[in-house]
$ cat target_11.cif   # mmCIF, C-alpha atoms
data_my_file
loop_
_atom_site.label_atom_id
_atom_site.label_comp_id
_atom_site.auth_asym_id
_atom_site.auth_seq_id
_atom_site.Cartn_x
_atom_site.Cartn_y
_atom_site.Cartn_z
CA MET E 152 8.84 19.17 23.47
CA PRO E 153 11.39 17.41 25.72
CA ASP E 154 10.41 14.88 28.36
CA HIS E 155 10.39 17.55 31.07
CA MET E 156 7.49 19.49 29.51
CA LEU E 157 5.02 19.51 32.38
CA PHE E 158 1.28 20.14 32.60
CA THR E 159 -0.70 20.54 35.82
CA SER E 160 -4.40 20.23 36.65
CA GLU E 161 -6.30 20.42 39.93
CA SER E 162 -9.54 19.13 41.38
CA VAL E 163 -11.53 19.78 44.56
CA THR E 164 -13.80 17.60 46.66
CA GLU E 165 -17.55 17.94 47.08
CA GLY E 166 -16.85 19.63 50.43
CA HIS E 167 -14.87 22.50 48.92
CA PRO E 168 -17.01 25.64 49.44
CA ASP E 169 -17.23 26.47 45.71
CA LYS E 170 -18.23 22.89 44.89
CA LEU E 171 -20.76 22.88 47.70
CA ALA E 172 -22.26 26.04 46.22
CA ASP E 173 -22.43 24.29 42.82
CA GLN E 174 -24.21 21.31 44.37
CA ILE E 175 -26.78 23.49 46.11
CA SER E 176 -27.56 25.30 42.85
CA ASP E 177 -27.91 22.00 41.01
CA ALA E 178 -29.95 20.44 43.81
CA VAL E 179 -32.47 23.28 43.42
CA LEU E 180 -32.44 22.71 39.65
CA ASP E 181 -33.05 18.98 40.10
CA ALA E 182 -35.87 19.58 42.57
CA CYS E 183 -37.61 21.82 40.01
CA LEU E 184 -37.06 19.48 37.06
CA GLU E 185 -38.35 16.52 39.05
CA LYS E 186 -41.75 18.20 39.32
CA ASP E 187 -41.74 20.32 36.14
CA ALA E 188 -39.42 19.18 33.34
CA ARG E 189 -39.79 22.54 31.58
CA SER E 190 -38.61 24.63 34.52
CA ARG E 191 -36.41 27.60 33.64
CA VAL E 192 -33.71 27.86 36.27
CA ALA E 193 -30.69 30.13 36.76
CA ILE E 194 -29.64 29.82 40.40
CA GLU E 195 -26.52 31.13 42.12
CA THR E 196 -25.38 30.23 45.63
CA LEU E 197 -22.99 32.03 47.97
CA LEU E 198 -21.72 30.39 51.15
CA THR E 199 -19.91 31.98 54.05
CA ARG E 200 -19.57 31.35 57.76
CA GLY E 201 -22.99 30.30 59.02
CA LEU E 202 -24.92 31.50 55.97
CA ALA E 203 -26.13 30.26 52.59
CA VAL E 204 -27.54 32.80 50.12
CA VAL E 205 -29.49 31.50 47.11
CA ALA E 206 -30.40 33.99 44.39
CA GLY E 207 -31.34 34.03 40.74
CA GLU E 208 -34.19 33.52 38.32
CA LEU E 209 -36.77 30.75 38.39
CA THR E 210 -39.87 30.08 36.30
CA THR E 211 -41.63 26.81 37.13
CA GLU E 212 -44.99 25.19 37.84
CA ALA E 213 -43.35 23.26 40.69
CA TYR E 214 -43.35 24.14 44.36
CA VAL E 215 -39.97 23.59 45.96
CA GLU E 216 -39.07 24.36 49.57
CA ILE E 217 -35.71 25.81 48.65
CA ALA E 218 -34.42 26.25 52.20
CA ASP E 219 -34.93 22.52 52.84
CA VAL E 220 -33.07 21.63 49.64
CA VAL E 221 -30.18 23.85 50.71
CA ARG E 222 -29.96 22.36 54.19
CA ASP E 223 -30.27 18.77 53.00
CA THR E 224 -27.48 19.27 50.47
CA ILE E 225 -25.11 20.78 53.03
CA VAL E 226 -25.75 17.97 55.50
CA GLU E 227 -25.36 15.23 52.89
CA VAL E 228 -21.97 16.59 51.85
CA GLY E 229 -20.79 16.26 55.44
CA TYR E 230 -21.22 19.63 57.12
CA ASN E 231 -23.54 18.29 59.80
CA ALA E 232 -22.06 19.50 63.10
CA THR E 233 -21.05 22.85 64.52
CA ASP E 234 -17.51 21.69 65.30
CA LEU E 235 -16.92 21.44 61.54
CA GLY E 236 -17.39 25.20 61.32
CA PHE E 237 -20.51 24.93 59.14
CA ASP E 238 -23.68 22.98 59.89
CA GLY E 239 -26.58 22.57 57.50
CA HIS E 240 -28.94 22.02 60.41
CA THR E 241 -28.32 25.42 61.95
CA CYS E 242 -26.86 27.77 59.31
CA GLY E 243 -28.90 30.68 58.04
CA VAL E 244 -30.53 30.37 54.59
CA MET E 245 -31.45 33.48 52.61
CA VAL E 246 -33.48 33.11 49.40
CA ALA E 247 -33.74 35.93 46.84
CA ILE E 248 -35.30 34.55 43.66
CA GLN E 249 -37.29 36.24 40.91
CA GLN E 250 -38.97 35.18 37.68
CA GLN E 251 -36.98 34.88 34.44
CA SER E 252 -37.05 37.98 32.25
CA PRO E 253 -39.82 37.78 29.62
CA ASP E 254 -37.37 39.30 27.12
CA ILE E 255 -35.23 36.16 27.39
CA ALA E 256 -38.22 33.83 27.55
CA GLN E 257 -39.68 34.98 24.23
CA GLY E 258 -36.52 33.90 22.43
CA VAL E 259 -36.25 30.57 24.24
CA ASP E 260 -39.95 29.72 23.88
CA THR E 261 -39.56 29.66 20.10
CA GLY E 262 -36.63 27.23 20.28
CA GLY E 263 -33.77 29.73 20.32
CA ALA E 264 -30.70 29.74 22.51
CA GLY E 265 -31.09 31.17 26.01
CA ASP E 266 -28.02 33.35 25.58
CA GLN E 267 -25.22 34.16 23.21
CA GLY E 268 -21.79 32.68 23.72
CA MET E 269 -19.24 30.07 22.71
CA MET E 270 -18.74 26.65 24.27
CA PHE E 271 -15.91 24.13 23.96
CA GLY E 272 -15.74 20.37 24.21
CA TYR E 273 -12.64 18.19 24.19
CA ALA E 274 -11.60 14.55 24.04
CA CYS E 275 -8.27 12.75 23.68
CA ASP E 276 -6.99 9.21 23.87
CA GLU E 277 -4.86 9.62 27.02
CA THR E 278 -7.35 7.73 29.22
CA PRO E 279 -10.16 5.18 28.63
CA GLU E 280 -12.74 7.88 29.34
CA LEU E 281 -11.03 10.08 26.72
CA MET E 282 -10.03 12.74 29.22
CA PRO E 283 -6.61 14.40 29.66
CA LEU E 284 -4.50 12.42 32.13
CA PRO E 285 -3.77 15.27 34.62
CA ILE E 286 -7.42 16.06 35.36
CA ALA E 287 -8.38 12.37 35.30
CA ILE E 288 -5.94 11.59 38.11
CA ALA E 289 -6.83 14.77 40.00
CA HIS E 290 -10.50 13.79 39.98
CA ARG E 291 -9.66 10.25 41.10
CA LEU E 292 -7.81 11.63 44.11
CA THR E 293 -10.61 13.92 45.27
CA ARG E 294 -13.25 11.25 44.66
CA ARG E 295 -11.18 8.80 46.69
CA GLN E 296 -10.81 11.32 49.53
CA ALA E 297 -14.59 11.69 49.71
CA ASP E 298 -15.11 7.92 49.60
CA VAL E 299 -12.57 7.29 52.35
CA ARG E 300 -13.97 10.08 54.51
CA ARG E 301 -17.46 8.57 54.30
CA ALA E 302 -16.38 4.95 54.71
CA TYR E 303 -13.94 5.53 57.58
CA PRO E 304 -15.10 8.55 59.60
CA ASP E 305 -12.87 7.59 62.51
CA LEU E 306 -9.78 8.39 60.42
CA GLY E 307 -10.54 12.07 60.94
CA LEU E 308 -10.66 13.36 57.37
CA ARG E 309 -13.11 16.22 56.80
CA PRO E 310 -15.05 17.39 53.73
CA ASP E 311 -12.83 20.12 52.26
CA ALA E 312 -9.89 18.96 50.12
CA LYS E 313 -7.96 19.73 46.93
CA SER E 314 -5.70 17.72 44.66
CA GLN E 315 -3.16 18.77 42.05
CA VAL E 316 -1.40 16.58 39.49
CA THR E 317 1.60 17.37 37.27
CA ILE E 318 2.28 15.11 34.28
CA ALA E 319 5.44 14.99 32.17
CA TYR E 320 4.90 14.76 28.40
CA ASP E 321 7.36 13.59 25.74
CA GLU E 322 8.25 15.32 22.49
CA ALA E 323 5.31 13.66 20.74
CA GLY E 324 2.90 15.15 23.26
CA GLN E 325 2.22 11.83 25.00
CA PRO E 326 2.11 11.49 28.80
CA VAL E 327 5.04 9.49 30.14
CA ARG E 328 5.08 9.87 33.93
CA ILE E 329 3.52 11.44 36.97
CA ASP E 330 5.89 14.16 38.15
CA THR E 331 4.16 15.70 41.20
CA LEU E 332 1.07 15.04 43.31
CA VAL E 333 -0.41 17.46 45.84
CA LEU E 334 -3.21 16.51 48.23
CA SER E 335 -4.44 18.94 50.87
CA THR E 336 -7.24 17.66 53.07
CA GLN E 337 -9.12 19.15 55.98
CA HIS E 338 -8.78 17.00 59.09
CA ASP E 339 -9.71 16.59 62.74
CA PRO E 340 -7.62 18.83 65.06
CA ARG E 341 -6.34 15.76 66.92
CA LEU E 342 -4.32 14.71 63.87
CA LYS E 343 -0.75 15.87 63.31
CA GLN E 344 0.72 16.34 59.85
CA ALA E 345 2.49 12.99 60.06
CA ASP E 346 -0.82 11.29 60.86
CA VAL E 347 -2.51 12.93 57.88
CA LYS E 348 0.36 11.95 55.58
CA ALA E 349 0.12 8.33 56.66
CA ILE E 350 -3.64 8.22 56.17
CA VAL E 351 -3.46 9.89 52.77
CA GLN E 352 -0.65 7.63 51.60
CA GLU E 353 -2.39 4.41 52.64
CA HIS E 354 -5.99 5.17 51.81
CA ILE E 355 -5.81 7.66 48.91
CA LEU E 356 -2.48 7.86 47.07
CA THR E 357 -1.57 4.17 46.98
CA PRO E 358 -4.96 2.96 45.65
CA VAL E 359 -5.17 5.73 43.03
CA LEU E 360 -1.59 5.27 41.85
CA ALA E 361 -2.30 1.57 41.39
CA GLU E 362 -4.84 2.58 38.72
CA PHE E 363 -2.16 4.58 36.90
CA GLU E 364 0.80 2.26 37.46
CA ALA E 365 2.09 2.77 33.91
CA TYR E 366 2.87 6.41 34.75
CA ASN E 367 4.44 5.79 38.17
CA THR E 368 8.19 5.62 37.67
CA GLY E 369 8.85 5.64 41.41
CA ASP E 370 10.18 9.19 41.64
CA ILE E 371 6.99 11.18 42.19
CA THR E 372 7.27 14.35 44.26
CA LEU E 373 4.52 14.24 46.92
CA HIS E 374 3.11 17.12 48.93
CA VAL E 375 0.49 16.26 51.57
CA ASN E 376 -0.94 19.19 53.55
CA PRO E 377 2.23 21.18 52.84
CA THR E 378 1.24 24.03 55.21
CA GLY E 379 1.33 21.49 58.06
CA ILE E 380 -2.24 21.92 59.30
CA PHE E 381 -5.69 22.15 57.70
CA THR E 382 -8.37 22.00 60.40
CA ILE E 383 -10.44 25.06 59.45
CA GLY E 384 -12.09 24.51 56.08
CA GLY E 385 -15.28 24.78 54.10
CA PRO E 386 -17.38 27.97 54.19
CA GLN E 387 -15.92 28.87 57.59
CA ALA E 388 -12.53 29.39 55.97
CA ASP E 389 -13.37 30.40 52.42
CA THR E 390 -16.46 31.93 50.81
CA GLY E 391 -17.97 29.58 48.22
CA VAL E 392 -19.68 30.77 45.03
CA THR E 393 -21.41 28.88 42.23
CA GLY E 394 -19.42 28.70 39.00
CA ARG E 395 -15.99 29.48 40.40
CA LYS E 396 -14.46 26.10 39.54
CA ILE E 397 -15.16 26.00 35.79
CA ILE E 398 -11.72 24.63 34.91
CA VAL E 399 -12.04 21.86 37.50
CA ASP E 400 -15.48 21.19 36.01
CA THR E 401 -14.09 20.71 32.50
CA TYR E 402 -10.59 19.67 31.37
CA GLY E 403 -8.23 21.04 33.97
CA GLY E 404 -7.00 23.80 31.66
CA TYR E 405 -5.90 21.30 29.00
CA ALA E 406 -8.51 22.61 26.54
CA ARG E 407 -10.09 26.00 26.01
CA HIS E 408 -13.16 27.16 27.92
CA GLY E 409 -15.90 29.50 26.74
CA GLY E 410 -16.15 31.13 30.16
CA GLY E 411 -19.69 30.15 31.10
CA ALA E 412 -20.36 28.13 34.24
CA PHE E 413 -22.71 25.13 34.34
CA SER E 414 -24.30 24.58 37.74
CA GLY E 415 -27.72 25.99 38.54
CA LYS E 416 -28.67 26.37 34.86
CA ASP E 417 -31.43 24.43 33.12
CA PRO E 418 -30.63 22.92 29.69
CA THR E 419 -32.09 25.80 27.68
CA LYS E 420 -28.96 27.66 28.79
CA VAL E 421 -26.44 26.74 26.09
CA ASP E 422 -23.58 27.57 28.47
CA ARG E 423 -24.37 24.15 29.89
CA SER E 424 -26.16 22.06 27.27
CA ALA E 425 -23.92 23.06 24.34
CA ALA E 426 -20.78 22.40 26.40
CA TYR E 427 -22.13 18.91 27.04
CA ALA E 428 -22.92 18.55 23.34
CA ALA E 429 -19.43 19.69 22.35
CA ARG E 430 -17.89 17.09 24.68
CA TYR E 431 -20.21 14.44 23.20
CA LEU E 432 -19.21 15.36 19.65
CA ALA E 433 -15.49 15.38 20.48
CA LYS E 434 -15.81 11.91 22.02
CA GLN E 435 -17.51 10.55 18.90
CA VAL E 436 -14.65 11.88 16.76
CA VAL E 437 -11.92 10.30 18.89
CA ALA E 438 -13.83 7.05 19.44
CA ALA E 439 -14.38 6.77 15.68
CA GLY E 440 -10.63 6.93 15.12
CA LEU E 441 -10.90 10.22 13.23
CA ALA E 442 -8.41 11.92 15.58
CA LYS E 443 -6.32 11.33 18.70
CA LYS E 444 -7.26 14.75 20.06
CA CYS E 445 -10.34 16.78 19.21
CA GLU E 446 -11.63 20.14 20.38
CA ILE E 447 -15.07 21.35 19.31
CA GLN E 448 -16.28 24.94 19.50
CA LEU E 449 -19.97 25.77 19.22
CA ALA E 450 -21.31 29.34 19.25
CA TYR E 451 -24.86 30.65 19.53
CA ALA E 452 -26.83 33.91 19.35
CA ILE E 453 -29.59 34.54 21.87
CA GLY E 454 -33.00 33.64 20.47
CA VAL E 455 -31.49 31.90 17.40
CA ALA E 456 -31.77 28.12 17.14
CA GLU E 457 -28.94 27.12 14.80
CA PRO E 458 -25.38 27.62 16.01
CA VAL E 459 -23.63 30.54 14.34
CA SER E 460 -20.44 28.46 14.06
CA VAL E 461 -19.15 24.92 14.47
CA ARG E 462 -15.37 24.53 14.61
CA VAL E 463 -13.25 21.39 14.82
CA GLU E 464 -9.56 21.34 15.81
CA THR E 465 -7.67 18.03 15.81
CA PHE E 466 -4.19 19.46 16.42
CA GLY E 467 -2.67 17.68 13.45
CA THR E 468 -3.94 14.25 14.56
CA GLY E 469 -6.98 14.06 12.27
CA ALA E 470 -7.52 11.29 9.72
CA HIS E 471 -9.38 13.87 7.58
CA PRO E 472 -9.24 17.66 7.32
CA ASP E 473 -10.88 19.40 10.25
CA ALA E 474 -13.41 21.04 7.93
CA GLU E 475 -14.51 17.61 6.67
CA ILE E 476 -15.02 16.35 10.22
CA ALA E 477 -17.03 19.48 11.03
CA ARG E 478 -19.18 18.86 7.94
CA ARG E 479 -19.87 15.28 9.07
CA LEU E 480 -20.85 16.42 12.54
CA GLN E 481 -23.28 19.03 11.24
CA ALA E 482 -24.79 16.53 8.82
CA THR E 483 -25.25 13.94 11.56
CA PHE E 484 -26.43 15.92 14.59
CA ASP E 485 -29.13 18.52 15.27
CA LEU E 486 -27.21 21.16 17.20
CA THR E 487 -30.12 23.48 17.94
CA PRO E 488 -30.85 23.86 21.67
CA LYS E 489 -33.90 21.60 21.31
CA GLY E 490 -31.91 19.09 19.29
CA VAL E 491 -29.19 18.97 21.95
CA ILE E 492 -31.72 18.63 24.79
CA ASP E 493 -33.42 15.74 22.99
CA LEU E 494 -30.15 14.09 21.96
CA LEU E 495 -28.78 14.02 25.51
CA ASP E 496 -32.13 13.77 27.33
CA LEU E 497 -31.37 16.79 29.48
CA ARG E 498 -34.78 17.64 30.96
CA ARG E 499 -34.23 15.29 33.90
CA PRO E 500 -33.04 15.76 37.50
CA ILE E 501 -29.49 14.55 36.78
CA TYR E 502 -27.42 17.59 37.60
CA ARG E 503 -26.38 17.50 41.24
CA GLU E 504 -24.08 14.55 40.55
CA THR E 505 -22.26 16.57 37.88
CA ALA E 506 -21.39 19.22 40.47
CA LYS E 507 -19.40 16.81 42.66
CA ASN E 508 -16.36 15.66 40.71
CA GLY E 509 -16.28 17.18 37.24
CA HIS E 510 -18.89 17.29 34.49
CA PHE E 511 -16.89 15.07 32.13
CA GLY E 512 -15.32 11.64 32.30
CA ASN E 513 -18.08 9.97 34.36
CA PRO E 514 -19.67 7.14 32.30
CA ALA E 515 -22.98 7.68 34.08
CA PHE E 516 -23.52 10.95 32.19
CA GLY E 517 -25.32 10.68 28.85
CA TRP E 518 -22.89 12.98 27.02
CA GLU E 519 -20.08 10.52 27.81
CA LYS E 520 -21.46 7.84 25.49
CA THR E 521 -19.75 7.05 22.19
CA ASP E 522 -22.85 5.48 20.65
CA ARG E 523 -22.74 7.51 17.42
CA ALA E 524 -19.05 7.16 16.64
CA GLN E 525 -19.55 4.64 13.83
CA SER E 526 -21.94 6.97 12.04
CA LEU E 527 -19.02 9.38 11.58
CA ALA E 528 -16.37 6.84 10.66
CA GLY E 529 -17.57 6.02 7.14
#
$ encode --input "target_11.cif" --output "structure tokens"
Amino acid sequence: MPDHMLFTSESVTEGHPDKLADQISDAVLDACLEKDARSRVAIETLLTRGLAVVAGELTTEAYVEIADVVRDTIVEVGYNATDLGFDGHTCGVMVAIQQQSPDIAQGVDTGGAGDQGMMFGYACDETPELMPLPIAIAHRLTRRQADVRRAYPDLGLRPDAKSQVTIAYDEAGQPVRIDTLVLSTQHDPRLKQADVKAIVQEHILTPVLAEFEAYNTGDITLHVNPTGIFTIGGPQADTGVTGRKIIVDTYGGYARHGGGAFSGKDPTKVDRSAAYAARYLAKQVVAAGLAKKCEIQLAYAIGVAEPVSVRVETFGTGAHPDAEIARRLQATFDLTPKGVIDLLDLRRPIYRETAKNGHFGNPAFGWEKTDRAQSLAG
């Protein structure tokens, strides 16, 4: 693998229509869990010009005014005036929710998985948070855009934005430099492209690149709003749907994905909880020094508690055979749905924050801890 082997990941801000849909779904989930920790929730959101549609399955003892949750979430993200093209105060809200199927419930009530499927988790030593470098930088850029937009509203940045980061890797598979950065941000119509470029350079790119100085060789290709204008954004410009940014949510394409989305699902849904568990396990392996890179696959059958398979892949970097690491993990951790929920304390209203800037890499999330690494190292 020569130095010019490139890998690219992208991220989007909390104001991107798909991410806004994720946040609405998770805000409804949080509102239910806050009042009834055993709520069963599977909520989908669709956003388009002037309309939010919330649909899905919900079984709970809680009463939640869902339309209010939807509107509050939209406004908090920044769509709070009609001149932005979408306004949480005035948009229509349609709610179409039914009770969870009793056929599914009877399997979950006995401790089984809420669905079949396979989930992946990944960790590597490219960054302190054990995330791949491309997605780590991409997330930093979109988080910074949101922070700047909130702190300095007079600059004219608006909620919808995307980043993209290309990293060059050497023949050993190690990141050596940032090759290309792309940042496209919605903005006030009074701003010209040159104005946006200057704002982005000063307030977003320069501070973020200072965090990753070791990879800045001074010859980065930069693209800021390459179409020249980005005034129409959010749900006015692009329909948003829950679960459509699953690669942004995870590892930026650097690791495999089982295909299941996360947002709007309570922790009995292994699409979500087992993906968090797999990330947690992979972090323990890397933090324990058992591998430089680790991918975990878990698989479940609906209504069955124990995973049908646990697979470890260390890509030739393992200190022990992958099968031995897998044996240690299974001997150390209860990987049933209940065991995962208890291990990561998942029956809490913690989910809306995960829908903003990736589900992994944020130290505030319980599955990002490396508190059990030493138990694997012996």
$ atom_distance --input "target_11.cif" --atom1 "CA of Asn508 in chain E" --atom2 "CA of Ala213 in chain E"
28.0 Å
$ residues_around --input "target_11.cif" --residues "range 447-453 of chain E" --least-positions-apart "3" --cutoff "8 Å" --atoms "all atoms listed in the file" --output "compact mmCIF listing (two decimals) with C-alpha atoms, in the frame of the given file"
# COMPACT_ATOMS: atom_id res chain seq x y z
CA GLY E 258 -36.52 33.90 22.43
CA GLY E 263 -33.77 29.73 20.32
CA ALA E 264 -30.70 29.74 22.51
CA GLY E 265 -31.09 31.17 26.01
CA ASP E 266 -28.02 33.35 25.58
CA GLN E 267 -25.22 34.16 23.21
CA GLY E 268 -21.79 32.68 23.72
CA MET E 269 -19.24 30.07 22.71
CA MET E 270 -18.74 26.65 24.27
CA PHE E 271 -15.91 24.13 23.96
CA GLY E 272 -15.74 20.37 24.21
CA TYR E 273 -12.64 18.19 24.19
CA VAL E 421 -26.44 26.74 26.09
CA ALA E 425 -23.92 23.06 24.34
CA ALA E 426 -20.78 22.40 26.40
CA ALA E 429 -19.43 19.69 22.35
CA ARG E 430 -17.89 17.09 24.68
CA LEU E 432 -19.21 15.36 19.65
CA ALA E 433 -15.49 15.38 20.48
CA ALA E 456 -31.77 28.12 17.14
CA GLU E 457 -28.94 27.12 14.80
CA PRO E 458 -25.38 27.62 16.01
CA VAL E 459 -23.63 30.54 14.34
CA SER E 460 -20.44 28.46 14.06
CA VAL E 461 -19.15 24.92 14.47
CA ARG E 462 -15.37 24.53 14.61
CA VAL E 463 -13.25 21.39 14.82
CA GLU E 464 -9.56 21.34 15.81
$ residues_near_point --input "target_11.cif" --point "(-26.2, 23.7, 44.1)" --cutoff "7 Å" --atoms "only C-alpha atoms" --output "PyMOL selection string"
chain E and resi 171-179+196+414-415+503
$ atom_distance --input "target_11.cif" --atom1 "CA of Val436 in chain E" --atom2 "CA of Phe516 in chain E"
17.8 Å
$ closest_residue --input "target_11.cif" --among "E:His471, E:Arg295, E:Arg423, E:His354" --to "Ala442 in chain E" --atoms "all atoms listed in the file"
E:His471
$ decode --input "target_11.cif" --residues "range 182-190 of chain E" --atoms "all heavy atoms" --output "PDB file, in the first residue's frame"
ATOM      1  N   ALA E 182     -38.097  10.773  25.632  1.00  0.00           N
ATOM      2  CA  ALA E 182     -39.267  11.230  26.374  1.00  0.00           C
ATOM      3  C   ALA E 182     -40.030  10.049  26.967  1.00  0.00           C
ATOM      4  O   ALA E 182     -40.548  10.132  28.094  1.00  0.00           O
ATOM      5  CB  ALA E 182     -40.173  12.050  25.458  1.00  0.00           C
ATOM      6  N   CYS E 183     -40.093   8.940  26.242  1.00  0.00           N
ATOM      7  CA  CYS E 183     -40.767   7.740  26.758  1.00  0.00           C
ATOM      8  C   CYS E 183     -39.949   7.094  27.889  1.00  0.00           C
ATOM      9  O   CYS E 183     -40.494   6.738  28.936  1.00  0.00           O
ATOM     10  CB  CYS E 183     -40.992   6.741  25.631  1.00  0.00           C
ATOM     11  SG  CYS E 183     -42.172   7.283  24.379  1.00  0.00           S
ATOM     12  N   LEU E 184     -38.648   6.946  27.669  1.00  0.00           N
ATOM     13  CA  LEU E 184     -37.804   6.301  28.677  1.00  0.00           C
ATOM     14  C   LEU E 184     -37.732   7.106  29.968  1.00  0.00           C
ATOM     15  O   LEU E 184     -37.578   6.541  31.056  1.00  0.00           O
ATOM     16  CB  LEU E 184     -36.397   6.084  28.125  1.00  0.00           C
ATOM     17  CG  LEU E 184     -36.247   5.055  27.002  1.00  0.00           C
ATOM     18  CD1 LEU E 184     -34.811   5.035  26.498  1.00  0.00           C
ATOM     19  CD2 LEU E 184     -36.657   3.663  27.482  1.00  0.00           C
ATOM     20  N   GLU E 185     -37.831   8.419  29.857  1.00  0.00           N
ATOM     21  CA  GLU E 185     -37.777   9.264  31.038  1.00  0.00           C
ATOM     22  C   GLU E 185     -38.925   8.960  31.996  1.00  0.00           C
ATOM     23  O   GLU E 185     -38.780   9.033  33.215  1.00  0.00           O
ATOM     24  CB  GLU E 185     -37.803  10.735  30.618  1.00  0.00           C
ATOM     25  CG  GLU E 185     -37.568  11.697  31.772  1.00  0.00           C
ATOM     26  CD  GLU E 185     -37.418  13.127  31.292  1.00  0.00           C
ATOM     27  OE1 GLU E 185     -37.685  13.390  30.105  1.00  0.00           O
ATOM     28  OE2 GLU E 185     -37.022  13.978  32.102  1.00  0.00           O
ATOM     29  N   LYS E 186     -40.068   8.586  31.434  1.00  0.00           N
ATOM     30  CA  LYS E 186     -41.248   8.316  32.252  1.00  0.00           C
ATOM     31  C   LYS E 186     -41.505   6.829  32.461  1.00  0.00           C
ATOM     32  O   LYS E 186     -42.165   6.442  33.424  1.00  0.00           O
ATOM     33  CB  LYS E 186     -42.481   8.951  31.592  1.00  0.00           C
ATOM     34  CG  LYS E 186     -42.403  10.470  31.507  1.00  0.00           C
ATOM     35  CD  LYS E 186     -43.637  11.040  30.835  1.00  0.00           C
ATOM     36  CE  LYS E 186     -43.574  12.561  30.758  1.00  0.00           C
ATOM     37  NZ  LYS E 186     -44.773  13.125  30.087  1.00  0.00           N
ATOM     38  N   ASP E 187     -41.001   5.989  31.572  1.00  0.00           N
ATOM     39  CA  ASP E 187     -41.200   4.546  31.653  1.00  0.00           C
ATOM     40  C   ASP E 187     -39.967   3.872  31.063  1.00  0.00           C
ATOM     41  O   ASP E 187     -39.830   3.762  29.842  1.00  0.00           O
ATOM     42  CB  ASP E 187     -42.457   4.129  30.894  1.00  0.00           C
ATOM     43  CG  ASP E 187     -42.675   2.614  30.890  1.00  0.00           C
ATOM     44  OD1 ASP E 187     -41.923   1.898  31.596  1.00  0.00           O
ATOM     45  OD2 ASP E 187     -43.581   2.152  30.171  1.00  0.00           O
ATOM     46  N   ALA E 188     -39.057   3.433  31.922  1.00  0.00           N
ATOM     47  CA  ALA E 188     -37.772   2.891  31.476  1.00  0.00           C
ATOM     48  C   ALA E 188     -37.919   1.615  30.660  1.00  0.00           C
ATOM     49  O   ALA E 188     -36.971   1.203  29.984  1.00  0.00           O
ATOM     50  CB  ALA E 188     -36.869   2.627  32.686  1.00  0.00           C
ATOM     51  N   ARG E 189     -39.080   0.989  30.712  1.00  0.00           N
ATOM     52  CA  ARG E 189     -39.288  -0.256  29.967  1.00  0.00           C
ATOM     53  C   ARG E 189     -40.121  -0.041  28.702  1.00  0.00           C
ATOM     54  O   ARG E 189     -40.679  -0.985  28.134  1.00  0.00           O
ATOM     55  CB  ARG E 189     -39.932  -1.308  30.869  1.00  0.00           C
ATOM     56  CG  ARG E 189     -39.140  -1.550  32.154  1.00  0.00           C
ATOM     57  CD  ARG E 189     -39.542  -2.815  32.857  1.00  0.00           C
ATOM     58  NE  ARG E 189     -39.075  -4.001  32.145  1.00  0.00           N
ATOM     59  CZ  ARG E 189     -37.831  -4.485  32.241  1.00  0.00           C
ATOM     60  NH1 ARG E 189     -36.929  -3.859  32.987  1.00  0.00           N
ATOM     61  NH2 ARG E 189     -37.491  -5.563  31.585  1.00  0.00           N
ATOM     62  N   SER E 190     -40.165   1.186  28.238  1.00  0.00           N
ATOM     63  CA  SER E 190     -40.886   1.495  27.002  1.00  0.00           C
ATOM     64  C   SER E 190     -40.292   0.723  25.825  1.00  0.00           C
ATOM     65  O   SER E 190     -39.069   0.558  25.723  1.00  0.00           O
ATOM     66  CB  SER E 190     -40.807   2.993  26.700  1.00  0.00           C
ATOM     67  OG  SER E 190     -41.451   3.754  27.698  1.00  0.00           O
TER      68      SER E 190
END
